[in-house]
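Chemist: Coordinates in target-v7.csv, CSV, C-alpha atoms (C1' of nucleotides), are listed below.
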chain,number,residue,atom,x,y,z
A,1,MET,CA,4.1,-25.5,-23.1
A,2,GLY,CA,2.3,-28.7,-23.4
A,3,ARG,CA,-0.8,-30.2,-24.8
A,4,GLY,CA,-2.8,-27.2,-23.6
A,5,LYS,CA,-1.9,-23.6,-22.7
A,6,ILE,CA,-2.3,-22.7,-19.0
A,7,GLU,CA,-2.9,-19.4,-17.4
A,8,ILE,CA,-0.2,-18.4,-14.9
A,9,LYS,CA,-2.3,-18.5,-11.8
A,10,ARG,CA,-2.5,-20.9,-8.8
A,11,ILE,CA,-3.3,-24.5,-9.9
A,12,GLU,CA,-6.3,-25.3,-7.8
A,13,ASN,CA,-6.2,-29.1,-8.2
A,14,SER,CA,-3.7,-30.1,-5.6
A,15,SER,CA,-2.3,-33.2,-7.3
A,16,ASN,CA,-1.9,-31.4,-10.6
A,17,ARG,CA,-0.2,-28.7,-8.7
A,18,GLN,CA,2.2,-31.1,-7.1
A,19,VAL,CA,3.0,-32.8,-10.5
A,20,THR,CA,3.6,-29.4,-12.2
A,21,TYR,CA,5.7,-28.4,-9.3
A,22,SER,CA,8.1,-31.2,-9.6
A,23,LYS,CA,8.3,-31.0,-13.3
A,24,ARG,CA,9.0,-27.3,-13.3
A,25,ARG,CA,11.3,-27.5,-10.4
A,26,ASN,CA,13.5,-29.9,-12.4
A,27,GLY,CA,13.2,-27.6,-15.4
A,28,ILE,CA,14.5,-24.6,-13.4
A,29,MET,CA,17.2,-26.6,-11.8
A,30,LYS,CA,18.4,-27.7,-15.2
A,31,LYS,CA,18.3,-24.2,-16.6
A,32,ALA,CA,20.3,-23.0,-13.6
A,33,LYS,CA,22.9,-25.6,-14.2
A,34,GLU,CA,23.1,-24.7,-17.9
A,35,ILE,CA,23.5,-21.0,-17.4
A,36,THR,CA,26.2,-21.8,-14.9
A,37,VAL,CA,28.1,-23.8,-17.4
A,38,LEU,CA,27.4,-21.8,-20.6
A,39,CYS,CA,28.0,-18.3,-19.2
A,40,ASP,CA,30.1,-19.1,-16.2
A,41,ALA,CA,27.6,-17.5,-13.9
A,42,GLN,CA,27.2,-18.3,-10.2
A,43,VAL,CA,23.7,-19.3,-9.2
A,44,SER,CA,22.0,-19.9,-6.0
A,45,LEU,CA,18.5,-21.3,-6.2
A,46,VAL,CA,16.4,-22.3,-3.2
A,47,ILE,CA,12.8,-23.5,-3.6
A,48,PHE,CA,10.3,-24.4,-1.0
A,49,ALA,CA,7.2,-26.3,-2.0
A,50,SER,CA,4.0,-25.3,-0.3
A,51,SER,CA,4.4,-28.5,1.6
A,52,GLY,CA,7.5,-27.0,3.1
A,53,LYS,CA,9.9,-29.4,1.4
A,54,MET,CA,13.1,-27.7,0.2
A,55,HIS,CA,15.2,-28.0,-2.9
A,56,GLU,CA,18.3,-26.1,-3.7
A,57,TYR,CA,20.9,-25.6,-6.4
A,58,CYS,CA,24.2,-23.9,-6.0
A,59,SER,CA,26.8,-23.6,-8.7
A,60,PRO,CA,29.8,-25.8,-8.2
A,61,SER,CA,32.8,-23.7,-7.4
A,62,THR,CA,30.9,-21.7,-4.8
A,63,THR,CA,28.7,-22.1,-1.8
A,64,LEU,CA,25.5,-20.5,-0.6
A,65,VAL,CA,27.4,-18.6,2.0
A,66,ASP,CA,29.8,-17.1,-0.6
A,67,ILE,CA,26.9,-16.1,-2.7
A,68,LEU,CA,25.1,-14.5,0.2
A,69,ASP,CA,28.3,-12.7,1.1
A,70,LYS,CA,28.5,-11.2,-2.4
A,71,TYR,CA,24.8,-10.4,-2.3
A,72,HIS,CA,25.4,-8.7,1.0
A,73,LYS,CA,28.2,-6.6,-0.5
A,74,GLN,CA,26.4,-5.7,-3.7
A,75,SER,CA,22.9,-5.0,-2.4
A,76,GLY,CA,24.0,-3.1,0.7
A,77,GLU,CA,21.2,-5.0,2.3
A,78,ARG,CA,22.3,-6.3,5.6
A,79,LEU,CA,20.9,-9.7,5.7
A,80,TRP,CA,23.0,-11.0,8.5
A,81,ASP,CA,22.7,-8.0,10.6
A,82,ALA,CA,19.0,-7.8,10.2
A,83,LYS,CA,18.7,-11.4,11.3
A,84,HIS,CA,21.1,-10.8,14.1
A,85,GLU,CA,19.3,-7.7,15.3
A,86,ASN,CA,16.0,-9.6,15.5
A,87,LEU,CA,17.5,-12.2,17.7
A,88,SER,CA,19.1,-9.7,20.0
A,89,ILE,CA,15.9,-7.8,20.4
A,90,GLU,CA,14.1,-11.0,21.3
A,91,LEU,CA,16.9,-12.0,23.7
A,92,ASP,CA,16.6,-8.6,25.5
A,93,ARG,CA,12.9,-8.9,25.8
A,94,ILE,CA,13.1,-12.4,27.3
A,95,LYS,CA,15.8,-11.4,29.6
A,96,LYS,CA,13.7,-8.6,31.0
A,97,GLU,CA,10.8,-11.0,31.4
A,98,ASN,CA,13.2,-13.3,33.2
A,99,ASP,CA,14.4,-10.7,35.5
A,100,SER,CA,11.0,-9.6,36.6
A,101,MET,CA,10.0,-13.2,37.2
A,102,GLN,CA,13.1,-13.8,39.2
A,103,ILE,CA,12.3,-10.8,41.4
A,104,GLU,CA,8.8,-11.9,41.9
A,105,LEU,CA,10.0,-15.4,42.9
A,106,ARG,CA,12.5,-14.0,45.4
A,107,HIS,CA,9.8,-11.8,47.0
A,108,LEU,CA,7.5,-14.7,47.3
A,109,LYS,CA,10.3,-16.6,49.1
A,110,GLY,CA,10.8,-13.7,51.5
A,111,GLU,CA,14.1,-12.6,49.9
A,112,ASP,CA,15.1,-9.1,49.0
A,113,ILE,CA,12.2,-7.6,50.7
A,114,THR,CA,14.0,-5.1,52.9
A,115,SER,CA,13.4,-2.2,50.6
A,116,LEU,CA,9.7,-2.9,50.1
A,117,HIS,CA,7.0,-0.7,51.5
A,118,HIS,CA,4.0,-1.7,53.5
A,119,LYS,CA,1.6,-1.8,50.6
A,120,GLU,CA,3.9,-4.1,48.5
A,121,LEU,CA,4.4,-6.4,51.4
A,122,MET,CA,0.7,-6.6,52.0
A,123,ALA,CA,0.2,-7.7,48.3
A,124,ILE,CA,2.9,-10.4,48.7
A,125,GLU,CA,1.4,-11.6,52.0
A,126,GLU,CA,-1.9,-11.9,50.3
A,127,ALA,CA,-0.5,-13.9,47.4
A,128,LEU,CA,1.3,-16.2,49.8
A,129,GLU,CA,-1.8,-16.8,51.9
A,130,ASN,CA,-3.8,-17.6,48.8
A,131,GLY,CA,-1.2,-20.0,47.6
A,132,LEU,CA,-1.0,-21.6,50.9
A,133,GLY,CA,-4.7,-22.0,51.1
A,134,SER,CA,-4.8,-23.7,47.7
A,135,VAL,CA,-2.0,-26.0,48.5
A,136,ARG,CA,-3.4,-27.0,51.9
A,137,GLU,CA,-6.8,-27.6,50.3
A,138,LYS,CA,-5.2,-29.9,47.8
A,139,GLN,CA,-3.2,-31.7,50.5
A,140,ALA,CA,-6.4,-32.3,52.4
A,141,SER,CA,-8.1,-33.7,49.4
A,142,LEU,CA,-5.2,-36.1,48.9
A,143,MET,CA,-5.8,-37.5,52.4
A,144,THR,CA,-9.2,-38.5,51.2
B,1,MET,CA,16.5,-24.3,-28.5
B,2,GLY,CA,17.2,-22.1,-31.3
B,3,ARG,CA,18.4,-22.2,-34.8
B,4,GLY,CA,21.1,-24.5,-33.9
B,5,LYS,CA,21.7,-26.9,-31.1
B,6,ILE,CA,24.5,-26.0,-28.7
B,7,GLU,CA,26.5,-28.1,-26.3
B,8,ILE,CA,26.3,-27.3,-22.7
B,9,LYS,CA,29.8,-26.0,-22.1
B,10,ARG,CA,31.3,-22.6,-21.6
B,11,ILE,CA,30.6,-20.3,-24.6
B,12,GLU,CA,34.0,-19.1,-25.6
B,13,ASN,CA,32.9,-16.0,-27.6
B,14,SER,CA,32.5,-13.5,-24.9
B,15,SER,CA,29.8,-11.4,-26.6
B,16,ASN,CA,27.8,-14.5,-27.5
B,17,ARG,CA,28.2,-15.5,-23.9
B,18,GLN,CA,26.9,-12.2,-22.7
B,19,VAL,CA,23.9,-12.3,-25.0
B,20,THR,CA,23.0,-15.9,-24.0
B,21,TYR,CA,23.4,-14.9,-20.4
B,22,SER,CA,20.9,-12.2,-20.4
B,23,LYS,CA,18.4,-14.1,-22.5
B,24,ARG,CA,18.7,-17.2,-20.3
B,25,ARG,CA,18.7,-15.1,-17.1
B,26,ASN,CA,15.4,-13.6,-18.1
B,27,GLY,CA,14.1,-17.1,-18.9
B,28,ILE,CA,15.0,-18.5,-15.5
B,29,MET,CA,13.5,-15.4,-13.7
B,30,LYS,CA,10.3,-15.9,-15.6
B,31,LYS,CA,10.2,-19.6,-14.7
B,32,ALA,CA,10.8,-18.8,-11.1
B,33,LYS,CA,7.9,-16.4,-11.1
B,34,GLU,CA,5.7,-18.9,-12.8
B,35,ILE,CA,6.4,-21.7,-10.4
B,36,THR,CA,5.8,-19.3,-7.5
B,37,VAL,CA,2.3,-18.5,-8.8
B,38,LEU,CA,1.3,-21.9,-10.3
B,39,CYS,CA,2.4,-24.0,-7.3
B,40,ASP,CA,2.5,-21.5,-4.6
B,41,ALA,CA,6.2,-22.2,-3.9
B,42,GLN,CA,8.6,-19.9,-2.4
B,43,VAL,CA,11.7,-19.2,-4.5
B,44,SER,CA,14.9,-17.4,-4.0
B,45,LEU,CA,17.2,-17.0,-7.0
B,46,VAL,CA,20.4,-15.1,-7.0
B,47,ILE,CA,22.6,-15.0,-10.1
B,48,PHE,CA,26.0,-13.4,-10.6
B,49,ALA,CA,27.2,-12.9,-14.1
B,50,SER,CA,30.9,-13.6,-14.6
B,51,SER,CA,31.2,-9.8,-14.8
B,52,GLY,CA,30.1,-9.7,-11.2
B,53,LYS,CA,26.8,-8.1,-11.8
B,54,MET,CA,24.0,-9.5,-9.7
B,55,HIS,CA,20.4,-10.2,-10.3
B,56,GLU,CA,17.9,-11.7,-7.9
B,57,TYR,CA,14.4,-12.9,-7.7
B,58,CYS,CA,12.4,-13.6,-4.5
B,59,SER,CA,8.8,-14.7,-4.3
B,60,PRO,CA,6.5,-12.0,-3.2
B,61,SER,CA,5.0,-12.8,0.2
B,62,THR,CA,8.5,-13.6,1.5
B,63,THR,CA,12.0,-12.2,1.8
B,64,LEU,CA,15.4,-13.6,1.3
B,65,VAL,CA,15.9,-13.5,5.1
B,66,ASP,CA,12.8,-15.6,5.6
B,67,ILE,CA,14.0,-18.1,3.0
B,68,LEU,CA,17.4,-18.3,4.5
B,69,ASP,CA,15.9,-18.8,7.9
B,70,LYS,CA,13.9,-21.7,6.6
B,71,TYR,CA,16.9,-23.0,4.7
B,72,HIS,CA,18.9,-22.9,7.9
B,73,LYS,CA,16.3,-24.9,9.8
B,74,GLN,CA,15.9,-27.5,7.2
B,75,SER,CA,19.5,-28.1,6.2
B,76,GLY,CA,21.0,-27.7,9.6
B,77,GLU,CA,23.9,-26.0,7.8
B,78,ARG,CA,25.6,-23.3,9.6
B,79,LEU,CA,24.9,-20.3,7.4
B,80,TRP,CA,25.1,-17.9,10.3
B,81,ASP,CA,28.4,-17.2,12.0
B,82,ALA,CA,29.4,-18.4,15.4
B,83,LYS,CA,28.3,-15.3,17.1
B,84,HIS,CA,24.9,-15.7,15.7
B,85,GLU,CA,24.7,-19.3,16.7
B,86,ASN,CA,25.7,-18.4,20.2
B,87,LEU,CA,22.9,-15.9,20.4
B,88,SER,CA,20.4,-18.4,19.4
B,89,ILE,CA,21.7,-21.0,21.9
B,90,GLU,CA,21.5,-18.4,24.6
B,91,LEU,CA,18.0,-17.5,23.5
B,92,ASP,CA,16.9,-21.2,23.8
B,93,ARG,CA,18.5,-21.5,27.2
B,94,ILE,CA,16.8,-18.4,28.6
B,95,LYS,CA,13.5,-19.4,27.2
B,96,LYS,CA,13.7,-22.7,29.1
B,97,GLU,CA,14.7,-20.9,32.2
B,98,ASN,CA,11.7,-18.7,31.7
B,99,ASP,CA,9.4,-21.6,31.3
B,100,SER,CA,10.5,-23.2,34.5
B,101,MET,CA,10.2,-20.0,36.5
B,102,GLN,CA,6.8,-19.5,35.2
B,103,ILE,CA,5.8,-23.0,36.4
B,104,GLU,CA,7.4,-22.4,39.8
B,105,LEU,CA,5.5,-19.1,40.1
B,106,ARG,CA,2.2,-20.7,39.3
B,107,HIS,CA,2.8,-23.4,41.8
B,108,LEU,CA,3.5,-20.8,44.5
B,109,LYS,CA,0.3,-19.1,43.7
B,110,GLY,CA,-1.5,-22.3,44.0
B,111,GLU,CA,-2.2,-22.7,40.3
B,112,ASP,CA,-1.7,-25.8,38.2
B,113,ILE,CA,-1.2,-28.0,41.3
B,114,THR,CA,-3.7,-30.7,40.6
B,115,SER,CA,-1.2,-33.0,39.1
B,116,LEU,CA,1.4,-32.6,42.0
B,117,HIS,CA,2.1,-35.3,44.5
B,118,HIS,CA,2.2,-35.0,48.3
B,119,LYS,CA,6.0,-34.5,48.5
B,120,GLU,CA,6.0,-31.7,46.0
B,121,LEU,CA,3.1,-30.0,47.7
B,122,MET,CA,4.9,-30.3,51.0
B,123,ALA,CA,7.9,-28.5,49.5
B,124,ILE,CA,5.7,-25.7,48.1
B,125,GLU,CA,3.9,-25.4,51.4
B,126,GLU,CA,7.2,-25.1,53.2
B,127,ALA,CA,8.4,-22.4,50.8
B,128,LEU,CA,5.2,-20.5,51.2
B,129,GLU,CA,5.4,-20.7,55.0
B,130,ASN,CA,8.9,-19.5,55.0
B,131,GLY,CA,8.1,-16.6,52.7
B,132,LEU,CA,5.1,-15.7,54.8
B,133,GLY,CA,7.2,-15.8,57.9
B,134,SER,CA,9.8,-13.4,56.4
B,135,VAL,CA,7.2,-11.0,55.1
B,136,ARG,CA,5.3,-10.9,58.4
B,137,GLU,CA,8.5,-10.3,60.3
B,138,LYS,CA,9.3,-7.4,58.0
B,139,GLN,CA,5.8,-6.0,58.4
B,140,ALA,CA,6.1,-6.1,62.2
B,141,SER,CA,9.4,-4.3,62.1
B,142,LEU,CA,7.8,-1.5,60.0
B,143,MET,CA,5.3,-0.9,62.7
B,144,THR,CA,8.2,0.1,64.8
C,1,DC,C1',0.6,-42.1,-7.1
C,2,DC,C1',4.5,-42.8,-10.6
C,3,DG,C1',6.9,-42.8,-15.1
C,4,DA,C1',6.6,-42.7,-20.1
C,5,DC,C1',4.7,-40.5,-23.9
C,6,DT,C1',3.3,-37.0,-27.2
C,7,DA,C1',1.4,-32.7,-29.0
C,8,DT,C1',1.9,-28.2,-28.2
C,9,DA,C1',3.7,-23.9,-26.0
C,10,DT,C1',7.9,-21.7,-24.9
C,11,DA,C1',12.6,-20.5,-24.9
C,12,DT,C1',16.3,-19.3,-27.4
C,13,DA,C1',20.5,-19.5,-31.2
C,14,DA,C1',21.3,-17.5,-35.1
C,15,DA,C1',20.1,-14.3,-38.5
C,16,DT,C1',18.7,-9.7,-39.7
C,17,DC,C1',18.0,-4.9,-39.3
D,1,DT,C1',26.4,-2.7,-30.5
D,2,DG,C1',21.1,-3.7,-29.3
D,3,DA,C1',16.3,-4.7,-30.7
D,4,DT,C1',13.4,-7.8,-33.6
D,5,DT,C1',12.6,-11.8,-36.1
D,6,DT,C1',12.7,-16.5,-37.3
D,7,DA,C1',13.6,-21.5,-37.2
D,8,DT,C1',14.5,-24.9,-34.2
D,9,DA,C1',15.4,-27.1,-29.6
D,10,DT,C1',13.3,-27.7,-25.2
D,11,DA,C1',10.0,-27.8,-21.7
D,12,DT,C1',6.0,-29.3,-20.2
D,13,DA,C1',0.3,-30.1,-19.9
D,14,DG,C1',-2.4,-33.6,-20.6
D,15,DT,C1',-2.8,-38.5,-21.4
D,16,DC,C1',-2.2,-43.4,-20.9
D,17,DG,C1',-0.6,-47.7,-18.5
Could you express the structure from this file as structure tokens?
Modeler:
Amino acid sequence: MGRGKIEIKRIENSSNRQVTYSKRRNGIMKKAKEITVLCDAQVSLVIFASSGKMHEYCSPSTTLVDILDKYHKQSGERLWDAKHENLSIELDRIKKENDSMQIELRHLKGEDITSLHHKELMAIEEALENGLGSVREKQASLMT
Amino acid sequence: MGRGKIEIKRIENSSNRQVTYSKRRNGIMKKAKEITVLCDAQVSLVIFASSGKMHEYCSPSTTLVDILDKYHKQSGERLWDAKHENLSIELDRIKKENDSMQIELRHLKGEDITSLHHKELMAIEEALENGLGSVREKQASLMT
DNA sequence: CCGACTATATATAAATC
DNA sequence: TGATTTATATATAGTCG
């Protein structure tokens, strides 16, 4: 709708794309407001430009959270739970990583080693000797 | 836009309202798809009719969860509940703990120590000596 | 890069089937 | 009712300052 017809495909010229983006964004926002008023609908509209900038519209009389809540109920899709689950999984993973580092650290400090066997102790001893070697070398170099 | 101009206020005739709703809903959906393609934007659009029926559009290449996640980051608004927020705070805390343990481990292994000063090196050296002492003592006791 | 300005393409209100 | 067809209102692509 304009001087010339355009195909609906990515606008390659980046400044044209930006201009079209902001014009059309305004257009959609306006339409969203209109349908809200004309048909008393509830609308939530969130747009991210490729630049990462965000714009949103949400009908007055409601909030994004309300709309998502209704969405949640209607679609049966568990938006929150899914998000929640991902976080918990990551938390678990990192906690495990944490635990094993903590054990390694304790061992290197000579703690909690009573239950270790000869082979494991040898490995720790070697690691400590190597570390000590590096540190002493560094110390020496600082003495110039 | 049509045979007659209309004011932007609630359409009182309910069947007209319904008709206008579905026409305009289609229009907005189409516009949303177009801006997505033309300007590679990411769009999430959720509409509830007054009847309670829902319609949604979400750009391909993304999901509502992704968009909400970005929304959350940008707006700083608390879309997620308190429980969720706590999880994410804990995750951050544990990640930091993780990082500092990783650094400590590296130092004990003699890695990444070039930027350390004498005092710090001394502390590490002492820790290593202590560890080595404990480990060797344990080794000796195993030899019965 | 912006806003203002058209000429045209689209969307859609009302009419019609 | 609901789909299709107009006649008109709007949106907007390209242009200019």
Chemist: Least-squares superposition of chain A on chain B, every Cα paired in order: what RMSD, in Å?
Modeler: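 Chain B versus chain A: RMSD of 14.5 Å.
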Chemist: Within 7 Å of chain D, which residues of chain A come that close, and what is the closest atom pair and distance in Å for each? Count all atoms listed in the file and give it as CSV.
Modeler:
residue,atom,partner,partner_atom,distance
A:Met1,CA,D:DT12,C1',5.1
A:Gly2,CA,D:DA13,C1',4.3
A:Arg3,CA,D:DA13,C1',5.0
A:Gly4,CA,D:DA13,C1',5.6
Chemist: Using all atoms listed in the file and a cut-off of 7 Å, which residues of chain C sit close to chain B? Please list them as a list in words.
Modeler: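 Going by the stated atoms only, the list reads DA11, DT12, DA13 and DA14 of chain C.
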Chemist: Using C-alpha atoms (C1' of nucleotides), can you export the residues from the last selection as a compact mmCIF listing (two decimals), keeping the file's coordinate frame?
Modeler:
# COMPACT_ATOMS: atom_id res chain seq x y z
C1' DA C 11 12.60 -20.50 -24.90
C1' DT C 12 16.30 -19.30 -27.40
C1' DA C 13 20.50 -19.50 -31.20
C1' DA C 14 21.30 -17.50 -35.10
Chemist: Counting all atoms listed in the file, what is within 10 Å of region 55-61 of chain A, bar same-chain residues fewer than 2 positions away, as a ChimeraX atom specification?
Modeler: /A:25-26,28-30,32-37,40-49,52-53,63-64,66-67 /B:43-47,71
Chemist: Rounded to one decimal place, report the CA of Leu108 (chain B)-CA of Gly131 (chain A) distance in Å.
Modeler: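 Spanning CA of Leu108 (chain B) to CA of Gly131 (chain A) is a straight-line distance of 5.7 Å.
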Chemist: Looking at B:Ile103, B:Val19, B:Val135, B:Ile89, which one is nearest to chain A, with distances taken over only C-alpha atoms?
Modeler: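 Once distances to chain A are computed over only C-alpha atoms, the minimum belongs to B:Val135.
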Chemist: Considering only C-alpha atoms (C1' of nucleotides), return as a VMD selection string whatever protein or nucleic-acid residues lie within 12 Å of Ser15 (chain A), sequence-local ones (same chain, fewer than 6 positions apart) excluded.
Modeler: (chain A and resid 21 to 22) or (chain B and resid 39) or (chain C and resid 1)
Chemist: With a distance cut-off of 12 Å and all atoms listed in the file, select the neighbouring residues of Leu116 (chain B), excluding the residue or stretch itself and same-chain residues fewer than 5 positions from it, and output the selection as a list of chain:residue names.
Modeler: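 Neighbouring residues, sequence-local ones excluded: A:Val135, A:Lys138, A:Gln139, A:Leu142, B:Ile103, B:His107, B:Gly110, B:Glu111, B:Leu121, B:Met122, B:Ala123, B:Ile124.
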Chemist: Produce a file of the selected residues containing C-alpha atoms, as a compact mmCIF listing (two decimals), keeping the file's coordinate frame.
Modeler:
# COMPACT_ATOMS: atom_id res chain seq x y z
CA VAL A 135 -2.00 -26.00 48.50
CA LYS A 138 -5.20 -29.90 47.80
CA GLN A 139 -3.20 -31.70 50.50
CA LEU A 142 -5.20 -36.10 48.90
CA ILE B 103 5.80 -23.00 36.40
CA HIS B 107 2.80 -23.40 41.80
CA GLY B 110 -1.50 -22.30 44.00
CA GLU B 111 -2.20 -22.70 40.30
CA LEU B 121 3.10 -30.00 47.70
CA MET B 122 4.90 -30.30 51.00
CA ALA B 123 7.90 -28.50 49.50
CA ILE B 124 5.70 -25.70 48.10
Chemist: Any idea what the distance is between CA of Met101 (chain A) and CA of Glu137 (chain B)?
Modeler: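 If I compute the distance from CA of Met101 (chain A) to CA of Glu137 (chain B), I get 23.3 Å.
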Chemist: Quick one: distance from CA of Lys95 (chain B) to CA of Asp99 (chain A) in Å, one decimal?
Modeler: 12.1 Å
Chemist: Leu132 (chain A): which residues within 7 Å, counting only C-alpha atoms (C1' of nucleotides), same-chain residues fewer than 4 positions away excluded, as a ChimeraX atom specification?
Modeler: /A:128,136 /B:110,125,128
Chemist: Out of B:Asn130, B:Asn13, B:Ser115, B:Ser100, which residue has the shortest atom-to-atom distance to chain A when counting only C-alpha atoms?
Modeler: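 For chain A, the nearest of the given residues is B:Asn130.
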Chemist: Using only C-alpha atoms, which of B:Ser51, B:Lys109, B:Glu97, B:Asp69 sits nearest chain A?
Modeler: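 Nearest candidate to chain A out of B:Ser51, B:Lys109, B:Glu97, B:Asp69: B:Lys109.
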Chemist: Ranking B:Glu85, B:Lys31, B:Leu38, B:Glu12 by minimum distance to DT10 (chain C) and counting all atoms listed in the file, which one comes first?
Modeler: B:Lys31
